[in-house]
Amino acid sequence: MNKLSIRDLEMSGKRVFIRVDFNVPMDGAKIEDDTRIRETLPTLRLAIDRGARLVLASHLGRPKGKIDLKYSLAPVAARLSELLGRPVAFAGDCVGADAEAKSKALRDGEVLLLENVRFHPQEEANDPEFSRRLAQLCDQLFVCDAFGSSHRAHASVVGITKFVRQAAAGLLMEKELTYLGKAVSNPDRPFVAILGGAKVSDKIEVVQNLMKLADAMLIGGAMAYTFLKSQGLPVGKSLVENDKLDLARNLLEEARRRKFRFVLPVDHVLAESPDSASTRVTDIAQTPENLMGLDIGPKTIALFNQEIAAARTLVWNGPVGMFEKPAFAQGTLAIARAVAAASAAGATSIVGGGDSVAAVERSGLASKISHISTGGGASLEFLAGKKLPGIEALTNKSESRKEI
Ligand code: AMP
């Protein structure tokens, strides 16, 4: 990683502004799942152990630039305090006199959490003055541990870095950059990408970029049907993006020209609708007109399993079927098992995107995966070869310190 890490910072006695991702699911004032808070603990403990004074900021939900206490981070401060086993102060506004006074009152190892940065419209506008006011709360040291927000040029992710001396990656961010960075720059081969989900249009750039980097691509989920239909195969009532057929055809032609292994489903599980009780399995070529494909079939699972078992690097994003419905979850769960088994045999596996992460968690296999990416959208942009503004803004190791 060519970016500065929190481990490179001299933080003792200094106020460090740490942008975390505490965007947890809430039920009223109750936190439904505190995974995101727990995931930041190694970064926070490192800063505490090094005698830093921690000023934490995050967004929660989409309050659209207005104060809406439904999206207050106050319950998160209470939970964080339990998890850290130490008090966590809370400032009811992320900028202004109260936040400044509370940040200045911090002693070494103490923690302050600021209220939701998205209560201000200037956050998403990446407003320079707002960024400067955020930076005033620290001693020119910034750490970003919110990989899931790093594809957004927002003030607490990007703008603030212009007003600090050093902007470093937190441990979570560093792990993302290490795993995703290696996959796109120097993967162990064979490198097999597995893509699923609803739409081709969401993942075109990922498909295009991974075709340059990987050795094979396995496509499942609804997005497979646009590719299948572009080859003149029958798809019945399956979800197809008709305006993307030419693009799908061109991608497949390019793959053929370059001898890139683009593996599409050969059979599938069909039903009249996602809610239908009766299902049927057919080869793709035998798809009846009145049914829709909602999961990959056993032959496809076997085909995908073979590719996965031979891989040394695996990147998986998106379910290969309508995984929310148990009748159409088998394919996705089989992929989760195959990816876990390949990882146990020494492959590096990276799983991203809410549904695929849920599938490995549901099958109890999460601990076998080398890296579960915390940012669905951000990891897709990374795999698409885009530069993420929140990462670009971090200080390069070679610069190490800049004058401001
Ligand atoms: P995405 O957000 O693009 O990763 O898409 C995830 C969604 O794709 C999930 O809600 C799945 O239910 C849906 N999906 C996957 N396969 C199919 C399919 N064959 N037909 C309809 N929806 C699907």
# chains A, B, ... in the order shown; residues from 1 in each chain; ligands from 1
>>> residues_near_ligand(ligand="ligand 1", cutoff="7 Å", atoms="only C-alpha atoms and all ligand atoms", output="list in words")
Gly196, Gly197, Ala198, Lys199, Asp202, Gly221, Ala222, Ser238, Leu239, Gly293, Leu294, Asp295, Asn317, Gly318, Pro319, Val320, Gly321, Met322, Phe323, Glu324, Gly353 and Asp355 of chain A
>>> residues_around(residues="stretch 366-375 of chain A", least_positions_apart="2", cutoff="8 Å", atoms="only C-alpha atoms", output="mmCIF file with N, CA and C atoms, in the first residue's frame")
data_model
loop_
_atom_site.group_PDB
_atom_site.id
_atom_site.type_symbol
_atom_site.label_atom_id
_atom_site.label_comp_id
_atom_site.auth_asym_id
_atom_site.auth_seq_id
_atom_site.Cartn_x
_atom_site.Cartn_y
_atom_site.Cartn_z
ATOM 1 N N PHE A 147 -14.048 2.862 4.488
ATOM 2 C CA PHE A 147 -13.864 2.461 3.094
ATOM 3 C C PHE A 147 -15.177 2.573 2.320
ATOM 4 N N GLY A 148 -16.284 2.189 2.971
ATOM 5 C CA GLY A 148 -17.595 2.206 2.314
ATOM 6 C C GLY A 148 -18.025 3.594 1.856
ATOM 7 N N SER A 149 -17.374 4.644 2.371
ATOM 8 C CA SER A 149 -17.702 6.019 1.945
ATOM 9 C C SER A 149 -16.624 6.601 1.048
ATOM 10 N N GLU A 176 -8.704 -3.338 3.345
ATOM 11 C CA GLU A 176 -9.407 -3.264 2.056
ATOM 12 C C GLU A 176 -8.406 -2.987 0.932
ATOM 13 N N TYR A 179 -6.060 -6.069 0.206
ATOM 14 C CA TYR A 179 -6.672 -7.190 -0.515
ATOM 15 C C TYR A 179 -7.143 -6.794 -1.917
ATOM 16 N N VAL A 339 -16.425 -21.154 -2.409
ATOM 17 C CA VAL A 339 -15.416 -20.095 -2.182
ATOM 18 C C VAL A 339 -14.717 -20.342 -0.841
ATOM 19 N N ALA A 340 -15.491 -20.750 0.174
ATOM 20 C CA ALA A 340 -14.894 -21.035 1.487
ATOM 21 C C ALA A 340 -13.936 -22.217 1.380
ATOM 22 N N ALA A 341 -14.325 -23.258 0.635
ATOM 23 C CA ALA A 341 -13.466 -24.443 0.510
ATOM 24 C C ALA A 341 -12.176 -24.084 -0.226
ATOM 25 N N SER A 343 -10.777 -21.221 -0.272
ATOM 26 C CA SER A 343 -9.968 -20.395 0.634
ATOM 27 C C SER A 343 -9.246 -21.285 1.635
ATOM 28 N N ALA A 344 -9.975 -22.305 2.151
ATOM 29 C CA ALA A 344 -9.352 -23.216 3.112
ATOM 30 C C ALA A 344 -8.175 -23.937 2.447
ATOM 31 N N THR A 348 -6.893 -16.921 -2.118
ATOM 32 C CA THR A 348 -7.280 -15.656 -1.486
ATOM 33 C C THR A 348 -8.675 -15.315 -1.983
ATOM 34 N N SER A 349 -9.612 -15.094 -1.054
ATOM 35 C CA SER A 349 -10.990 -14.809 -1.480
ATOM 36 C C SER A 349 -11.437 -13.459 -0.940
ATOM 37 N N ILE A 350 -12.111 -12.725 -1.809
ATOM 38 C CA ILE A 350 -12.642 -11.410 -1.430
ATOM 39 C C ILE A 350 -14.125 -11.417 -1.765
ATOM 40 N N VAL A 351 -14.957 -11.194 -0.770
ATOM 41 C CA VAL A 351 -16.403 -11.179 -1.001
ATOM 42 C C VAL A 351 -16.920 -9.787 -0.671
ATOM 43 N N GLY A 352 -17.704 -9.215 -1.594
ATOM 44 C CA GLY A 352 -18.251 -7.876 -1.360
ATOM 45 C C GLY A 352 -19.700 -7.813 -1.774
ATOM 46 N N GLY A 353 -20.393 -6.772 -1.339
ATOM 47 C CA GLY A 353 -21.812 -6.626 -1.692
ATOM 48 C C GLY A 353 -22.672 -7.289 -0.629
ATOM 49 N N VAL A 357 -22.235 -11.169 1.006
ATOM 50 C CA VAL A 357 -21.717 -11.194 2.374
ATOM 51 C C VAL A 357 -22.726 -11.909 3.279
ATOM 52 N N VAL A 360 -22.458 -15.728 2.816
ATOM 53 C CA VAL A 360 -21.366 -16.412 3.536
ATOM 54 C C VAL A 360 -21.617 -16.387 5.039
ATOM 55 N N GLU A 361 -22.249 -15.322 5.508
ATOM 56 C CA GLU A 361 -22.538 -15.279 6.943
ATOM 57 C C GLU A 361 -23.609 -16.302 7.301
ATOM 58 N N SER A 363 -24.317 -19.017 5.841
ATOM 59 C CA SER A 363 -23.850 -20.398 5.776
ATOM 60 C C SER A 363 -22.750 -20.674 6.805
ATOM 61 N N GLY A 364 -22.495 -19.712 7.682
ATOM 62 C CA GLY A 364 -21.541 -19.922 8.774
ATOM 63 C C GLY A 364 -20.097 -20.012 8.282
ATOM 64 N N GLY A 377 -20.536 -0.665 -2.741
ATOM 65 C CA GLY A 377 -20.371 0.274 -3.854
ATOM 66 C C GLY A 377 -18.905 0.639 -4.061
ATOM 67 N N ALA A 378 -18.208 0.882 -2.956
ATOM 68 C CA ALA A 378 -16.803 1.285 -3.053
ATOM 69 C C ALA A 378 -15.958 0.143 -3.622
ATOM 70 N N SER A 379 -16.235 -1.097 -3.207
ATOM 71 C CA SER A 379 -15.396 -2.196 -3.707
ATOM 72 C C SER A 379 -15.669 -2.426 -5.193
#
>>> select_by_dssp(residues="stretch 21-100 of chain A", states="helix (DSSP H, G or I)", output="MDAnalysis selection string")
chainID A and resid 35:49 69:71 74:84 97:100
>>> write_last_selection(atoms="N, CA and C atoms", output="CSV table (one decimal), in the first residue's frame")
chain,number,residue,atom,x,y,z
A,35,THR,N,-22.2,-4.6,14.0
A,35,THR,CA,-21.0,-5.1,13.4
A,35,THR,C,-20.1,-3.9,12.9
A,36,ARG,N,-20.6,-2.9,12.3
A,36,ARG,CA,-19.8,-1.8,11.8
A,36,ARG,C,-19.0,-1.1,12.9
A,37,ILE,N,-19.7,-1.0,14.1
A,37,ILE,CA,-19.0,-0.4,15.2
A,37,ILE,C,-17.8,-1.3,15.7
A,38,ARG,N,-18.1,-2.6,15.8
A,38,ARG,CA,-17.1,-3.5,16.3
A,38,ARG,C,-15.9,-3.6,15.3
A,39,GLU,N,-16.2,-3.5,14.0
A,39,GLU,CA,-15.1,-3.6,13.0
A,39,GLU,C,-14.1,-2.4,13.2
A,40,THR,N,-14.5,-1.3,13.7
A,40,THR,CA,-13.6,-0.2,13.9
A,40,THR,C,-12.7,-0.3,15.1
A,41,LEU,N,-13.1,-1.2,16.0
A,41,LEU,CA,-12.4,-1.2,17.3
A,41,LEU,C,-10.9,-1.4,17.2
A,42,PRO,N,-10.3,-2.2,16.3
A,42,PRO,CA,-8.9,-2.3,16.3
A,42,PRO,C,-8.2,-1.0,16.0
A,43,THR,N,-8.8,-0.2,15.1
A,43,THR,CA,-8.3,1.1,14.7
A,43,THR,C,-8.3,2.0,16.0
A,44,LEU,N,-9.5,2.0,16.6
A,44,LEU,CA,-9.7,2.9,17.8
A,44,LEU,C,-8.8,2.5,18.9
A,45,ARG,N,-8.6,1.2,19.1
A,45,ARG,CA,-7.8,0.8,20.2
A,45,ARG,C,-6.3,1.1,20.0
A,46,LEU,N,-5.9,1.0,18.7
A,46,LEU,CA,-4.5,1.4,18.3
A,46,LEU,C,-4.3,2.8,18.7
A,47,ALA,N,-5.2,3.7,18.3
A,47,ALA,CA,-5.1,5.1,18.5
A,47,ALA,C,-5.1,5.4,20.1
A,48,ILE,N,-6.0,4.7,20.8
A,48,ILE,CA,-6.0,4.9,22.2
A,48,ILE,C,-4.7,4.4,22.9
A,49,ASP,N,-4.2,3.3,22.5
A,49,ASP,CA,-3.0,2.7,23.0
A,49,ASP,C,-1.8,3.7,22.7
A,69,LEU,N,-33.4,13.8,14.2
A,69,LEU,CA,-32.8,13.0,15.3
A,69,LEU,C,-33.0,11.5,15.2
A,70,LYS,N,-33.9,11.1,14.2
A,70,LYS,CA,-34.0,9.7,13.9
A,70,LYS,C,-32.7,9.2,13.5
A,71,TYR,N,-31.8,10.1,12.9
A,71,TYR,CA,-30.5,9.6,12.5
A,71,TYR,C,-29.4,10.1,13.4
A,74,ALA,N,-26.2,9.5,18.8
A,74,ALA,CA,-26.1,9.4,20.3
A,74,ALA,C,-26.2,7.9,20.7
A,75,PRO,N,-27.1,7.1,20.2
A,75,PRO,CA,-27.1,5.7,20.6
A,75,PRO,C,-25.8,5.0,20.3
A,76,VAL,N,-25.2,5.4,19.2
A,76,VAL,CA,-23.9,4.7,18.9
A,76,VAL,C,-22.8,5.1,19.9
A,77,ALA,N,-22.8,6.3,20.4
A,77,ALA,CA,-21.9,6.7,21.4
A,77,ALA,C,-22.0,5.8,22.6
A,78,ALA,N,-23.2,5.5,23.0
A,78,ALA,CA,-23.5,4.6,24.2
A,78,ALA,C,-23.0,3.2,23.9
A,79,ARG,N,-23.3,2.7,22.7
A,79,ARG,CA,-22.8,1.4,22.4
A,79,ARG,C,-21.3,1.3,22.3
A,80,LEU,N,-20.7,2.3,21.7
A,80,LEU,CA,-19.2,2.3,21.6
A,80,LEU,C,-18.6,2.3,22.9
A,81,SER,N,-19.2,3.1,23.8
A,81,SER,CA,-18.6,3.2,25.2
A,81,SER,C,-18.6,1.8,25.8
A,82,GLU,N,-19.7,1.0,25.7
A,82,GLU,CA,-19.8,-0.3,26.2
A,82,GLU,C,-18.7,-1.2,25.6
A,83,LEU,N,-18.6,-1.1,24.3
A,83,LEU,CA,-17.6,-2.0,23.6
A,83,LEU,C,-16.1,-1.6,23.9
A,84,LEU,N,-15.9,-0.3,24.1
A,84,LEU,CA,-14.5,0.1,24.4
A,84,LEU,C,-14.2,-0.1,25.9
A,97,ALA,N,-18.9,25.6,18.4
A,97,ALA,CA,-18.3,25.8,19.7
A,97,ALA,C,-18.3,24.6,20.6
A,98,ASP,N,-19.4,23.9,20.7
A,98,ASP,CA,-19.5,22.8,21.7
A,98,ASP,C,-18.5,21.7,21.2
A,99,ALA,N,-18.5,21.4,19.9
A,99,ALA,CA,-17.6,20.3,19.4
A,99,ALA,C,-16.1,20.7,19.7
A,100,GLU,N,-15.8,22.0,19.4
A,100,GLU,CA,-14.4,22.5,19.6
A,100,GLU,C,-14.0,22.4,21.1
>>> residues_around(residues="A:Leu314", least_positions_apart="2", cutoff="12 Å", atoms="only C-alpha atoms", output="ChimeraX atom specification")
/A:179-180,182-184,187-195,210,213-218,304-305,307-312,316-317,335-336,338-343,346-352,369-372
>>> write_last_selection(atoms="C-alpha atoms", output="PDB file, in the first residue's frame")
ATOM      1  CA  TYR A 179      -6.672  -7.190  -0.515  1.00  0.00           C
ATOM      2  CA  LEU A 180      -8.429  -5.311  -3.302  1.00  0.00           C
ATOM      3  CA  LYS A 182      -3.426  -7.032  -4.752  1.00  0.00           C
ATOM      4  CA  ALA A 183      -6.368  -8.479  -6.689  1.00  0.00           C
ATOM      5  CA  VAL A 184      -6.242  -5.681  -9.251  1.00  0.00           C
ATOM      6  CA  PRO A 187      -3.195 -11.432  -8.214  1.00  0.00           C
ATOM      7  CA  ASP A 188      -2.140 -15.039  -7.705  1.00  0.00           C
ATOM      8  CA  ARG A 189      -3.456 -16.952 -10.709  1.00  0.00           C
ATOM      9  CA  PRO A 190      -5.816 -18.314 -11.806  1.00  0.00           C
ATOM     10  CA  PHE A 191      -7.894 -15.288 -10.806  1.00  0.00           C
ATOM     11  CA  VAL A 192     -11.609 -16.076 -11.047  1.00  0.00           C
ATOM     12  CA  ALA A 193     -14.292 -13.415 -10.653  1.00  0.00           C
ATOM     13  CA  ILE A 194     -17.861 -14.366  -9.782  1.00  0.00           C
ATOM     14  CA  LEU A 195     -20.502 -11.758 -10.508  1.00  0.00           C
ATOM     15  CA  LEU A 210     -12.080  -7.665 -14.619  1.00  0.00           C
ATOM     16  CA  LEU A 213      -7.334  -8.585 -14.994  1.00  0.00           C
ATOM     17  CA  ALA A 214      -8.880 -11.993 -14.309  1.00  0.00           C
ATOM     18  CA  ASP A 215      -8.503 -15.366 -16.024  1.00  0.00           C
ATOM     19  CA  ALA A 216     -12.185 -16.309 -15.910  1.00  0.00           C
ATOM     20  CA  MET A 217     -15.510 -14.747 -15.052  1.00  0.00           C
ATOM     21  CA  LEU A 218     -18.523 -16.674 -13.812  1.00  0.00           C
ATOM     22  CA  PHE A 304     -18.740 -22.967 -11.346  1.00  0.00           C
ATOM     23  CA  ASN A 305     -17.402 -25.208  -8.545  1.00  0.00           C
ATOM     24  CA  GLU A 307     -13.506 -23.050 -11.747  1.00  0.00           C
ATOM     25  CA  ILE A 308     -13.629 -21.916  -8.133  1.00  0.00           C
ATOM     26  CA  ALA A 309     -11.732 -24.956  -6.854  1.00  0.00           C
ATOM     27  CA  ALA A 310      -8.888 -24.283  -9.316  1.00  0.00           C
ATOM     28  CA  ALA A 311      -8.618 -20.566  -8.484  1.00  0.00           C
ATOM     29  CA  ARG A 312      -5.835 -18.939  -6.456  1.00  0.00           C
ATOM     30  CA  TRP A 316     -17.235 -12.521  -5.599  1.00  0.00           C
ATOM     31  CA  ASN A 317     -19.892  -9.829  -5.767  1.00  0.00           C
ATOM     32  CA  ILE A 335     -21.000 -20.627  -4.272  1.00  0.00           C
ATOM     33  CA  ALA A 336     -20.414 -19.540  -0.666  1.00  0.00           C
ATOM     34  CA  ALA A 338     -17.134 -23.442  -2.823  1.00  0.00           C
ATOM     35  CA  VAL A 339     -15.416 -20.095  -2.182  1.00  0.00           C
ATOM     36  CA  ALA A 340     -14.894 -21.035   1.487  1.00  0.00           C
ATOM     37  CA  ALA A 341     -13.466 -24.443   0.510  1.00  0.00           C
ATOM     38  CA  ALA A 342     -11.089 -22.876  -2.024  1.00  0.00           C
ATOM     39  CA  SER A 343      -9.968 -20.395   0.634  1.00  0.00           C
ATOM     40  CA  GLY A 346      -5.069 -21.646   0.130  1.00  0.00           C
ATOM     41  CA  ALA A 347      -6.826 -19.331  -2.327  1.00  0.00           C
ATOM     42  CA  THR A 348      -7.280 -15.656  -1.486  1.00  0.00           C
ATOM     43  CA  SER A 349     -10.990 -14.809  -1.480  1.00  0.00           C
ATOM     44  CA  ILE A 350     -12.642 -11.410  -1.430  1.00  0.00           C
ATOM     45  CA  VAL A 351     -16.403 -11.179  -1.001  1.00  0.00           C
ATOM     46  CA  GLY A 352     -18.251  -7.876  -1.360  1.00  0.00           C
ATOM     47  CA  ILE A 369     -13.150 -15.974   3.639  1.00  0.00           C
ATOM     48  CA  SER A 370      -9.841 -14.093   3.374  1.00  0.00           C
ATOM     49  CA  HIS A 371     -11.488 -10.693   3.168  1.00  0.00           C
ATOM     50  CA  ILE A 372     -15.085  -9.572   3.481  1.00  0.00           C
TER      51      ILE A 372
END
>>> closest_atom_pairs(of="stretch 70-96 of chain A", to="stretch 114-118 of chain A", cutoff="9 Å", atoms="only C-alpha atoms", output="JSON lines")
{"residue": "A:Tyr71", "atom": "CA", "partner": "A:Asn116", "partner_atom": "CA", "distance": 7.2}
{"residue": "A:Ser72", "atom": "CA", "partner": "A:Asn116", "partner_atom": "CA", "distance": 6.2}
{"residue": "A:Leu73", "atom": "CA", "partner": "A:Glu115", "partner_atom": "CA", "distance": 5.6}
{"residue": "A:Ala74", "atom": "CA", "partner": "A:Glu115", "partner_atom": "CA", "distance": 7.2}
{"residue": "A:Ala77", "atom": "CA", "partner": "A:Leu114", "partner_atom": "CA", "distance": 8.9}
{"residue": "A:Ala89", "atom": "CA", "partner": "A:Leu114", "partner_atom": "CA", "distance": 8.5}
{"residue": "A:Phe90", "atom": "CA", "partner": "A:Leu114", "partner_atom": "CA", "distance": 5.9}
{"residue": "A:Ala91", "atom": "CA", "partner": "A:Leu114", "partner_atom": "CA", "distance": 4.9}
{"residue": "A:Gly92", "atom": "CA", "partner": "A:Glu115", "partner_atom": "CA", "distance": 5.2}
{"residue": "A:Asp93", "atom": "CA", "partner": "A:Glu115", "partner_atom": "CA", "distance": 5.1}
{"residue": "A:Cys94", "atom": "CA", "partner": "A:Leu114", "partner_atom": "CA", "distance": 4.8}
{"residue": "A:Val95", "atom": "CA", "partner": "A:Leu114", "partner_atom": "CA", "distance": 8.1}
>>> write_last_selection(atoms="all heavy atoms", output="PDB file, in the first residue's frame")
ATOM      1  N   TYR A  71     -31.823  10.062  12.948  1.00  0.00           N
ATOM      2  CA  TYR A  71     -30.501   9.635  12.466  1.00  0.00           C
ATOM      3  C   TYR A  71     -29.380  10.088  13.407  1.00  0.00           C
ATOM      4  O   TYR A  71     -28.237  10.254  12.976  1.00  0.00           O
ATOM      5  CB  TYR A  71     -30.255  10.185  11.057  1.00  0.00           C
ATOM      6  CG  TYR A  71     -31.258   9.708  10.034  1.00  0.00           C
ATOM      7  CD1 TYR A  71     -32.190  10.586   9.487  1.00  0.00           C
ATOM      8  CD2 TYR A  71     -31.287   8.375   9.637  1.00  0.00           C
ATOM      9  CE1 TYR A  71     -33.115  10.148   8.546  1.00  0.00           C
ATOM     10  CE2 TYR A  71     -32.209   7.931   8.708  1.00  0.00           C
ATOM     11  CZ  TYR A  71     -33.121   8.826   8.166  1.00  0.00           C
ATOM     12  OH  TYR A  71     -34.034   8.387   7.244  1.00  0.00           O
ATOM     13  N   SER A  72     -29.719  10.313  14.675  1.00  0.00           N
ATOM     14  CA  SER A  72     -28.689  10.761  15.619  1.00  0.00           C
ATOM     15  C   SER A  72     -27.724   9.623  15.938  1.00  0.00           C
ATOM     16  O   SER A  72     -28.116   8.459  16.049  1.00  0.00           O
ATOM     17  CB  SER A  72     -29.346  11.234  16.913  1.00  0.00           C
ATOM     18  OG  SER A  72     -28.339  11.497  17.872  1.00  0.00           O
ATOM     19  N   LEU A  73     -26.458  10.004  16.130  1.00  0.00           N
ATOM     20  CA  LEU A  73     -25.442   9.007  16.507  1.00  0.00           C
ATOM     21  C   LEU A  73     -25.338   8.826  18.021  1.00  0.00           C
ATOM     22  O   LEU A  73     -24.489   8.053  18.481  1.00  0.00           O
ATOM     23  CB  LEU A  73     -24.083   9.402  15.921  1.00  0.00           C
ATOM     24  CG  LEU A  73     -23.905   9.098  14.421  1.00  0.00           C
ATOM     25  CD1 LEU A  73     -22.713   9.859  13.856  1.00  0.00           C
ATOM     26  CD2 LEU A  73     -23.718   7.592  14.185  1.00  0.00           C
ATOM     27  N   ALA A  74     -26.201   9.515  18.791  1.00  0.00           N
ATOM     28  CA  ALA A  74     -26.127   9.393  20.252  1.00  0.00           C
ATOM     29  C   ALA A  74     -26.202   7.927  20.720  1.00  0.00           C
ATOM     30  O   ALA A  74     -25.399   7.518  21.572  1.00  0.00           O
ATOM     31  CB  ALA A  74     -27.207  10.252  20.904  1.00  0.00           C
ATOM     32  N   ALA A  77     -22.846   6.327  20.411  1.00  0.00           N
ATOM     33  CA  ALA A  77     -21.862   6.713  21.429  1.00  0.00           C
ATOM     34  C   ALA A  77     -21.992   5.791  22.644  1.00  0.00           C
ATOM     35  O   ALA A  77     -20.992   5.316  23.197  1.00  0.00           O
ATOM     36  CB  ALA A  77     -22.060   8.174  21.836  1.00  0.00           C
ATOM     37  N   ALA A  89     -17.477  10.641  24.972  1.00  0.00           N
ATOM     38  CA  ALA A  89     -18.203  11.926  25.014  1.00  0.00           C
ATOM     39  C   ALA A  89     -18.938  12.106  23.690  1.00  0.00           C
ATOM     40  O   ALA A  89     -18.573  11.503  22.676  1.00  0.00           O
ATOM     41  CB  ALA A  89     -17.214  13.058  25.241  1.00  0.00           C
ATOM     42  N   PHE A  90     -19.982  12.936  23.711  1.00  0.00           N
ATOM     43  CA  PHE A  90     -20.775  13.134  22.494  1.00  0.00           C
ATOM     44  C   PHE A  90     -21.011  14.624  22.282  1.00  0.00           C
ATOM     45  O   PHE A  90     -21.364  15.343  23.221  1.00  0.00           O
ATOM     46  CB  PHE A  90     -22.112  12.393  22.632  1.00  0.00           C
ATOM     47  CG  PHE A  90     -22.961  12.452  21.394  1.00  0.00           C
ATOM     48  CD1 PHE A  90     -22.596  11.748  20.248  1.00  0.00           C
ATOM     49  CD2 PHE A  90     -24.116  13.225  21.362  1.00  0.00           C
ATOM     50  CE1 PHE A  90     -23.367  11.800  19.092  1.00  0.00           C
ATOM     51  CE2 PHE A  90     -24.899  13.287  20.208  1.00  0.00           C
ATOM     52  CZ  PHE A  90     -24.519  12.566  19.075  1.00  0.00           C
ATOM     53  N   ALA A  91     -20.773  15.097  21.065  1.00  0.00           N
ATOM     54  CA  ALA A  91     -21.073  16.489  20.732  1.00  0.00           C
ATOM     55  C   ALA A  91     -22.297  16.507  19.830  1.00  0.00           C
ATOM     56  O   ALA A  91     -22.320  15.820  18.802  1.00  0.00           O
ATOM     57  CB  ALA A  91     -19.892  17.135  20.020  1.00  0.00           C
ATOM     58  N   GLY A  92     -23.308  17.277  20.210  1.00  0.00           N
ATOM     59  CA  GLY A  92     -24.588  17.288  19.505  1.00  0.00           C
ATOM     60  C   GLY A  92     -24.549  17.948  18.135  1.00  0.00           C
ATOM     61  O   GLY A  92     -25.550  17.971  17.422  1.00  0.00           O
ATOM     62  N   ASP A  93     -23.391  18.495  17.759  1.00  0.00           N
ATOM     63  CA  ASP A  93     -23.203  19.026  16.412  1.00  0.00           C
ATOM     64  C   ASP A  93     -21.760  18.720  16.026  1.00  0.00           C
ATOM     65  O   ASP A  93     -20.868  18.805  16.869  1.00  0.00           O
ATOM     66  CB  ASP A  93     -23.452  20.547  16.408  1.00  0.00           C
ATOM     67  CG  ASP A  93     -23.518  21.110  14.989  1.00  0.00           C
ATOM     68  OD1 ASP A  93     -23.231  20.351  14.031  1.00  0.00           O
ATOM     69  OD2 ASP A  93     -23.853  22.302  14.839  1.00  0.00           O
ATOM     70  N   CYS A  94     -21.539  18.380  14.760  1.00  0.00           N
ATOM     71  CA  CYS A  94     -20.175  17.968  14.371  1.00  0.00           C
ATOM     72  C   CYS A  94     -19.239  19.144  14.157  1.00  0.00           C
ATOM     73  O   CYS A  94     -18.031  18.939  13.989  1.00  0.00           O
ATOM     74  CB  CYS A  94     -20.227  17.072  13.136  1.00  0.00           C
ATOM     75  SG  CYS A  94     -20.787  17.923  11.656  1.00  0.00           S
ATOM     76  N   VAL A  95     -19.773  20.359  14.109  1.00  0.00           N
ATOM     77  CA  VAL A  95     -18.912  21.554  14.051  1.00  0.00           C
ATOM     78  C   VAL A  95     -19.428  22.557  15.096  1.00  0.00           C
ATOM     79  O   VAL A  95     -20.505  22.368  15.653  1.00  0.00           O
ATOM     80  CB  VAL A  95     -18.932  22.227  12.648  1.00  0.00           C
ATOM     81  CG1 VAL A  95     -18.136  21.425  11.632  1.00  0.00           C
ATOM     82  CG2 VAL A  95     -20.354  22.441  12.152  1.00  0.00           C
TER      83      VAL A  95
END
>>> select_by_dssp(residues="stretch 77-304 of chain A", states="strand (DSSP E or B)", output="NGL selection string")
:A and (88-91 or 111-114 or 141-144 or 166-169 or 191-195 or 216-219 or 261-263 or 267-271 or 280-283 or 292-296)
>>> write_last_selection(atoms="C-alpha atoms", output="CSV table (one decimal), in the first residue's frame")
chain,number,residue,atom,x,y,z
A,88,VAL,CA,-17.3,8.2,25.0
A,89,ALA,CA,-18.2,11.9,25.0
A,90,PHE,CA,-20.8,13.1,22.5
A,91,ALA,CA,-21.1,16.5,20.7
A,111,VAL,CA,-12.8,9.5,22.9
A,112,LEU,CA,-15.3,12.0,21.5
A,113,LEU,CA,-18.0,11.1,18.9
A,114,LEU,CA,-19.5,13.9,16.8
A,141,LEU,CA,-4.0,14.4,11.8
A,142,PHE,CA,-6.8,12.6,9.9
A,143,VAL,CA,-7.5,8.9,9.7
A,144,CYS,CA,-10.1,7.4,7.3
A,166,GLN,CA,-1.2,13.9,7.4
A,167,ALA,CA,-4.2,11.8,6.2
A,168,ALA,CA,-3.8,8.1,6.8
A,169,ALA,CA,-5.7,4.9,6.3
A,191,PHE,CA,-7.9,-15.3,-10.8
A,192,VAL,CA,-11.6,-16.1,-11.0
A,193,ALA,CA,-14.3,-13.4,-10.7
A,194,ILE,CA,-17.9,-14.4,-9.8
A,195,LEU,CA,-20.5,-11.8,-10.5
A,216,ALA,CA,-12.2,-16.3,-15.9
A,217,MET,CA,-15.5,-14.7,-15.1
A,218,LEU,CA,-18.5,-16.7,-13.8
A,219,ILE,CA,-21.8,-14.8,-14.3
A,261,ARG,CA,-13.2,-17.7,-20.1
A,262,PHE,CA,-16.6,-16.1,-19.7
A,263,VAL,CA,-18.7,-18.7,-18.1
A,267,ASP,CA,-29.1,-24.7,-16.5
A,268,HIS,CA,-31.4,-22.9,-14.0
A,269,VAL,CA,-34.2,-23.2,-11.5
A,270,LEU,CA,-37.4,-21.7,-12.9
A,271,ALA,CA,-40.8,-20.7,-11.6
A,280,ARG,CA,-38.6,-26.6,-12.3
A,281,VAL,CA,-35.0,-27.2,-13.5
A,282,THR,CA,-34.1,-27.0,-17.2
A,283,ASP,CA,-31.1,-26.5,-19.4
A,292,MET,CA,-38.5,-17.1,-15.2
A,293,GLY,CA,-35.0,-18.2,-14.2
A,294,LEU,CA,-34.5,-17.4,-10.5
A,295,ASP,CA,-31.4,-19.5,-9.6
A,296,ILE,CA,-28.5,-21.3,-11.2
>>> closest_residue(among="A:Gly85, A:Pro121, A:Gly13, A:Gly65", to="A:Arg107", atoms="only C-alpha atoms")
A:Gly13
>>> atom_distance(atom1="atom CA of A:Pro265", atom2="atom CA of A:Pro326")
19.6 Å
>>> residues_around(residues="A:Glu129", least_positions_apart="2", cutoff="12 Å", atoms="only C-alpha atoms", output="VMD selection string")
chain A and resid 95 122 to 123 125 to 127 131 to 136 155 to 156 159 to 160 162 to 163
>>> residues_around(residues="A:Val55", least_positions_apart="3", cutoff="9 Å", atoms="only C-alpha atoms", output="PyMOL selection string")
chain A and resi 15-19+103+106+110-114+137-138
>>> atom_distance(atom1="atom CA of A:Ala29", atom2="atom CA of A:Ser58")
16.6 Å
